Every structure is written in C-alpha cells, then in structure tokens.
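**Q** Just passing along the structure, written as structure tokens.
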Amino acid sequence: MKKKTNIVFILTDDQGYWSLGSYGNKDIISPNLDKLAENGVRFENFFCVSPVCSPARASIFTGRIPSQHGVHDWLDEHHNDTVEYLKGQDTFVKVLSENGYNCCLSGKWHLGNSAEIQQGFDQWYVHEKGGGPYYNAPMYKDGVLTKEPKYITEATTDYGIEFIEKAAKEDAPFYLSLHYTAPHAPWGEEHHPKELLDLYKDCKFESCPREDYHPWKIRETFEGTEEERLAILRGYFGAITGVDLGVKKVVEKLEELGILEDTLIIFTSDNGMSMGHHGIFGKGNGTSPLNMYESSVKVPTIISHKNHISGGKVLESLYSHYDILPTILEYVGVEYTAPKPLPGKSFCNVLATGEEDLENDVVVFDEYGPVRMIRNREWKYIHRYPFGPHELYNLKDDPDERENLIDKEEYREKLQEMRMRLERWFVKYVNPEIDGAREPVFGAGQKGLAGVWGDGTTIYQRYHSDLIFTCDNLLKERDKNERVNKVN
C-alpha cells in the first residue's frame, strides 16, 4: 500500500501579503520562499478568517469561523495557561493523527495550555505565550518549560528538522507544523542577529508607505522619526529573511533524505500586517474601531509539491484559511465528515489543474468580534455591530481603499446586496451562544472562554435569549425601518 503524502505546514506571524519578492516587494530578501513559489503555486488573493493571531490560527486548524470555535481575540497569556481553547473540537491535525500520521508542532501555538500536548500532536516544542523576545524565548519542550538561548527562528527550524530526520525512518507519513513567531514584534536590534539586520543597512523600504497616522490608530510603534521607522523595518524585514533561511534548510533536508517529492509544503501567515500602510503599524487591532483593510486580512500563501503540482502558477481567485482543512484532508486522501457544516471548500482540483473559473462569483468573509467583512473580486463591505461605522469599497477602481462609498446614493443597491449576503452567511454558520458580534471584543485580548459571564451563562443568553432573529427577520426589520424613515 502506497504511503500517504507527508505535509510541512509553515506558518508565520503577522506577515503582510505584500512582504515577499514573489508578491512584488523589491526590498525584501526572500529567495527561498520565492523559489518555493516558482516551483509551486502562489495565491494572489488568500485571506485570513480574522485579522489577529489566536482566532486566525483556530480557524486554520478547525476550519471554523471564530463564532463557531469561540476564540475571538488574541489570548491573554495571563489567563490561558490551563485552558485548552480547542478542547472537544476537531482539527485537521487530530484527523491526520487518527489516520496514521506522526504529527509534530514546533513554534507558536497560542491556543491555550501550551504545557500540554494536544490535538493529535505527538511531539511538541511550543512557545509558552503568544510571542516575546527572540532570544531566551520561553518554550515548552514535550511539557518541560525551558529558556531557548538560540535565536527562536533558528531553534524552531532545528527542532522541525530533527523531527523530519526521525519521521523519515518510520513507515507512517508525517505532518510537521513549523510556526514561526517571526516577523511579529519585537523588532529592536537586540532581538535579531546582526547579519540579518545588516542585509537592510542601507534599505529605504520604499515598499512601506510613509503616511500620516490613521485617525483611528490606537498605538504607535515609534515616535515618528525616519531613523526609528527604518530601525523597525530592518527588524521586521530581517525577521522574514530569517524565516526564509529556515525554509531553505527544511527544503534541503527533504531533498537530502529523498522525500521532497513525497511532501506537500504549505506556506502562509496567520494574518496580515500594516507597516505604515494606511498610517498604521499593526493588524486588525491596530485601530479602534477594529479594521479590515487588505493589508490586515490578506496573507501570502504558497503551496508546493515537487512533480505533483505544476510550478509557476499564480492563482487569482479568492480563497480563505477556512478552506485549508478540507483541502489538506482531500489532498492526502483522508475522509472526514464534520459534526456541523463548515464554511470552507477544498481547492484540490485547482492545485491539480491550475485552472480557475474566474467567472464564478467567489466571496470570502472575515470577522473580528463585532466587525464583519464580505469581499468579492470587485467589492468589499465592512459592517460594525451595532452602530457602525460601516465601509464600502470598489476595489476594482480603488484597490488601496481610499474612498468609502457607504453614503453615496448611487451605490445604495450594491450596499444592500452586500449587506444581505453577509447577514445570511453569518446566520448560517454562527453558533448564537458564542456570536462574536455580541461579545465584548475590542482587540485588547481574550481572557477566558467565549460567552462566559461569571455564573456560566453567556452574554448572548443573558441579553438576547428572546431576540434570536433569523436573517430574513433581520432584513425585514431593516427594510421596515427604511420605509418609515422615507415616510418621515
């Protein structure tokens, strides 16, 4: 019987889609990731499910949106030491493990109880928190907390390679999650090797716009001088190049062991990142209210499998991290039926043929607490519960999202269409007890299980138990109010 395909899943932290050479960035040094794209497929329009780390990661692995899995914000490390946030839920890793895969995680987990091996993993080298210093990082190695003296990017790579060397000798297929903390802050020179920073010593970082601060920005990462801006960007770009060198080591090890052709490689980031874009240094919680700019929600995604996926393809259609679970499981021939409907669809056929139906109306959705987004190829609508402000962009004419058309009468019909589609979709998939639109999510961190309010009842149950509207009821109520307003 033929051995199943091995999988290496590489996940970076806070990496904007704009930050690789293969995506057109002229400043970054990323030859190995660019080569991975040349030998595989690069996704031009791939989206996270939530523009902040913990909910985005939970969605990647469960295939569920935050209002299905209950992780709505980044997890406050002071409150999640013993809570296993995905307990009782299936991840694709758990399914792979149940189907004979040997599974390893090296790097950032940030989904609770990092001390305990969980979700089908057999080996576990995991960051205690969600991030921190790149040297002396607090890491759990198979349950034992240690301080890692190495540069954490290098240590994450090395542990992964050790696993590959052992797993390659076994009959079972393997799955490796390489979860880098890079290029997440901190970016100071004390956190990164001098040889990486020196690569950008004279770089002006023209790929990162210098704009006035966004009026909604809630934090600054520097005082505003050009010198400080350049220092921050050296750290950010140097951290990406560190990951690139790690990817080179992994690919070379797979080639050395003669198993590159047997291994599917997936590279992506948990969420996007603005490094000056729109006057923000941050992601979805870099503003108040929370934002859904392209730089926050789009992520670089590359998939490669030597002699199985044709190289050099650039896919233009829209895909989401909630498509990852069904795609991986179909690709390796593992059957799985979710206990409840999942929003994602496998794109295996596109990987096999490289052909897309660009005439098909593809739509992706994001949520971050009370902020929800619907996007197709030409239009994006952002709705903020309960009172706004809302946004509508024509991305075909305004790809940089400069002109909010929400109040333009000529786009009223388009606004109603997008709003109706958004509301219907979320009504279909949301678990009302952990509905993010009714949770107190402000971007400041989640401190416990979703919905819990002291006595165990949920915020939703306490305030909305008698107000569970279907989507049609919501739309009828809105249309009624609009008619009344016109009369008045």
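Residues in the structure tokens are named by chain (A, B, ... in the order shown) and by number from 1 within that chain; ligands are numbered from 1 in the order shown.
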Write down as a ChimeraX atom specification the residues of range 167-322 of chain A whose backbone DSSP state falls under strand (DSSP E).

**A** /A:174-179,263-269,274-275,281-282,301-304,313-320

**Q** Please provide the set of residues having any atom within 8 Å of Tyr125 in chain A, restricted to only C-alpha atoms, with same-chain residues fewer than 6 positions apart removed, written as a list of chain:residue names.

**A**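 Contacts, with the query itself left out: A:Leu105, A:Ser106, A:Gly107, A:Met139, A:Tyr140, A:Lys141, A:Asp142, A:Thr156, A:Tyr159.
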
**Q** Which of these, A:Ala172, A:Ala167, A:Leu245, A:Ile406, has the shortest distance to Asp34 in chain A once you count only C-alpha atoms?

**A**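 Counting only C-alpha atoms, the residue closest to Asp34 in chain A is A:Leu245.
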
**Q** Using only C-alpha atoms, which protein or nucleic acid residues come within 7 Å of Tyr180 in chain A? Drop anything in the same chain fewer than 6 positions from it, and give the result as a tab-separated table (two decimals) with N, CA, C and O atoms, in the first residue's frame.

**A**
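Produced file out-v2.tsv, reproduced below:
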chain	number	residue	atom	x	y	z
A	11	LEU	N	3.89	28.37	9.08
A	11	LEU	CA	3.01	29.48	9.45
A	11	LEU	C	3.84	30.59	10.08
A	11	LEU	O	4.50	30.38	11.10
A	12	THR	N	3.80	31.78	9.48
A	12	THR	CA	4.46	32.93	10.07
A	12	THR	C	3.46	33.76	10.86
A	12	THR	O	2.26	33.49	10.85
A	13	ASP	N	3.95	34.79	11.51
A	13	ASP	CA	3.14	35.56	12.46
A	13	ASP	C	3.15	37.04	12.07
A	13	ASP	O	4.21	37.68	12.08
A	107	GLY	N	7.10	25.60	17.47
A	107	GLY	CA	6.90	27.04	17.39
A	107	GLY	C	5.71	27.53	18.18
A	107	GLY	O	5.43	27.05	19.27
A	108	LYS	N	5.00	28.48	17.63
A	108	LYS	CA	3.92	29.17	18.33
A	108	LYS	C	2.60	28.40	18.21
A	108	LYS	O	2.20	28.01	17.13
A	153	THR	N	13.79	31.72	15.78
A	153	THR	CA	13.51	31.27	14.42
A	153	THR	C	14.38	30.08	14.06
A	153	THR	O	13.92	29.08	13.49
A	156	THR	N	13.32	26.96	16.15
A	156	THR	CA	12.09	26.37	15.62
A	156	THR	C	12.39	25.52	14.40
A	156	THR	O	11.88	24.39	14.26

**Q** Of the candidates A:Arg229, A:Lys166, A:Lys204, A:Lys345, which shows the shortest atom-to-atom distance to Tyr319 in chain A, using only C-alpha atoms?

**A**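 Looking only at the distances to Tyr319 in chain A, the closest residue turns out to be A:Lys345.
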
**Q** Which value, in Å to one decimal, gives the distance between CA of Leu233 in chain A and CA of Phe47 in chain A?

**A**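 Result for CA of Leu233 in chain A versus CA of Phe47 in chain A: 23.4 Å, one decimal.
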
**Q** Hey, which of A:Pro209, A:Pro386, A:Pro370, A:Gly354 ends up closest to Gly311 in chain A? Count only C-alpha atoms.

**A**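 When distances to Gly311 in chain A are compared using only C-alpha atoms, the smallest one comes from A:Gly354.
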
**Q** So, with only C-alpha atoms as the atoms that count, which of A:Ser310, A:Thr327, A:Asn113, A:Thr5 lies closest to Glu128 in chain A?

**A**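 That would be A:Asn113, the residue with the smallest distance to Glu128 in chain A.
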
**Q** Of the residues A:Leu111, A:Leu75, A:Cys104, A:Ala450, which is the one nearest to Lys87 in chain A, using only C-alpha atoms?

**A**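 Answer, going by the shortest atom-to-atom distance: A:Leu111.
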
**Q** Just the number, please: distance in Å from CA of Tyr393 in chain A to CA of Gly284 in chain A, one decimal.

**A**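 Rounded to one decimal, the two atoms are 17.3 Å apart.
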
**Q** Quick one, how far is CA of Gly445 in chain A from CA of Ser114 in chain A?

**A** 17.1 Å

**Q** Select, from A:Glu252, A:Glu316, A:Glu261, A:Glu355, the residue with the minimum atom-to-atom distance to Phe46 in chain A, counting only C-alpha atoms.

**A** A:Glu316

**Q** Write out as a ChimeraX atom specification each polymer residue whose atoms come within 12 Å of range 22-31 of chain A, counting only C-alpha atoms; drop sequence neighbours fewer than 4 positions from it.

**A** /A:16-18,35-45,196-208,233-248,298-302,312-314

**Q** If you run DSSP over the backbone, which residues in range 105-269 of chain A end up alpha helix (DSSP H)? Put them as a ChimeraX atom specification.

**A** /A:152-167,194-198,226-256

**Q** Sorted by chain and rising residue number, which residues of range 66-137 of chain A lie within 9 Å of range 188-192 of chain A, and what are their closest atom pairs and distances in Å to one decimal, counting only C-alpha atoms, as a Markdown table?

**A**
| residue | atom | partner | partner_atom | distance |
| --- | --- | --- | --- | --- |
| A:Pro133 | CA | A:His191 | CA | 6.3 |
| A:Tyr134 | CA | A:His191 | CA | 5.2 |
| A:Tyr135 | CA | A:His191 | CA | 6.4 |

**Q** Could you write those residues out with all heavy atoms, as a JSON list (two decimals), in the first residue's frame?

**A**
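Done, and the output landed in result-v6.json:
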[["chain", "number", "residue", "atom", "x", "y", "z"],
["A", 133, "PRO", "N", 10.53, 37.89, 23.35],
["A", 133, "PRO", "CA", 11.90, 38.06, 22.88],
["A", 133, "PRO", "C", 12.33, 36.92, 21.95],
["A", 133, "PRO", "O", 11.90, 35.78, 22.10],
["A", 133, "PRO", "CB", 12.73, 38.07, 24.17],
["A", 133, "PRO", "CG", 11.88, 37.35, 25.17],
["A", 133, "PRO", "CD", 10.47, 37.70, 24.82],
["A", 134, "TYR", "N", 13.17, 37.27, 20.99],
["A", 134, "TYR", "CA", 13.66, 36.27, 20.05],
["A", 134, "TYR", "C", 14.81, 35.45, 20.61],
["A", 134, "TYR", "O", 15.15, 34.40, 20.08],
["A", 134, "TYR", "CB", 14.07, 36.95, 18.74],
["A", 134, "TYR", "CG", 12.91, 37.24, 17.82],
["A", 134, "TYR", "CD1", 12.00, 38.27, 18.10],
["A", 134, "TYR", "CD2", 12.70, 36.50, 16.66],
["A", 134, "TYR", "CE1", 10.95, 38.54, 17.25],
["A", 134, "TYR", "CE2", 11.65, 36.76, 15.80],
["A", 134, "TYR", "CZ", 10.77, 37.78, 16.10],
["A", 134, "TYR", "OH", 9.71, 38.05, 15.27],
["A", 135, "TYR", "N", 15.42, 35.95, 21.68],
["A", 135, "TYR", "CA", 16.43, 35.17, 22.39],
["A", 135, "TYR", "C", 15.91, 34.86, 23.79],
["A", 135, "TYR", "O", 15.20, 35.66, 24.39],
["A", 135, "TYR", "CB", 17.76, 35.94, 22.49],
["A", 135, "TYR", "CG", 18.48, 36.08, 21.17],
["A", 135, "TYR", "CD1", 18.42, 37.26, 20.45],
["A", 135, "TYR", "CD2", 19.22, 35.02, 20.64],
["A", 135, "TYR", "CE1", 19.08, 37.40, 19.23],
["A", 135, "TYR", "CE2", 19.88, 35.14, 19.43],
["A", 135, "TYR", "CZ", 19.81, 36.33, 18.73],
["A", 135, "TYR", "OH", 20.46, 36.45, 17.53]]

**Q** Quick one: residues within 7 Å of range 271-283 of chain A, only C-alpha atoms, excluding same-chain residues fewer than 2 positions away - as a list in words?

**A** Asp14, Gln15, Gly16, Tyr17, Cys48, Pro51, Val52, Cys53, Ala56, Cys208, Pro209, Arg210, Glu211, Asp212, Tyr213, His214, Lys217, Glu220, Thr221, Ser269, Asn285, Gly286, Ser295, Ser296, Val297, Lys298 and Val299 of chain A
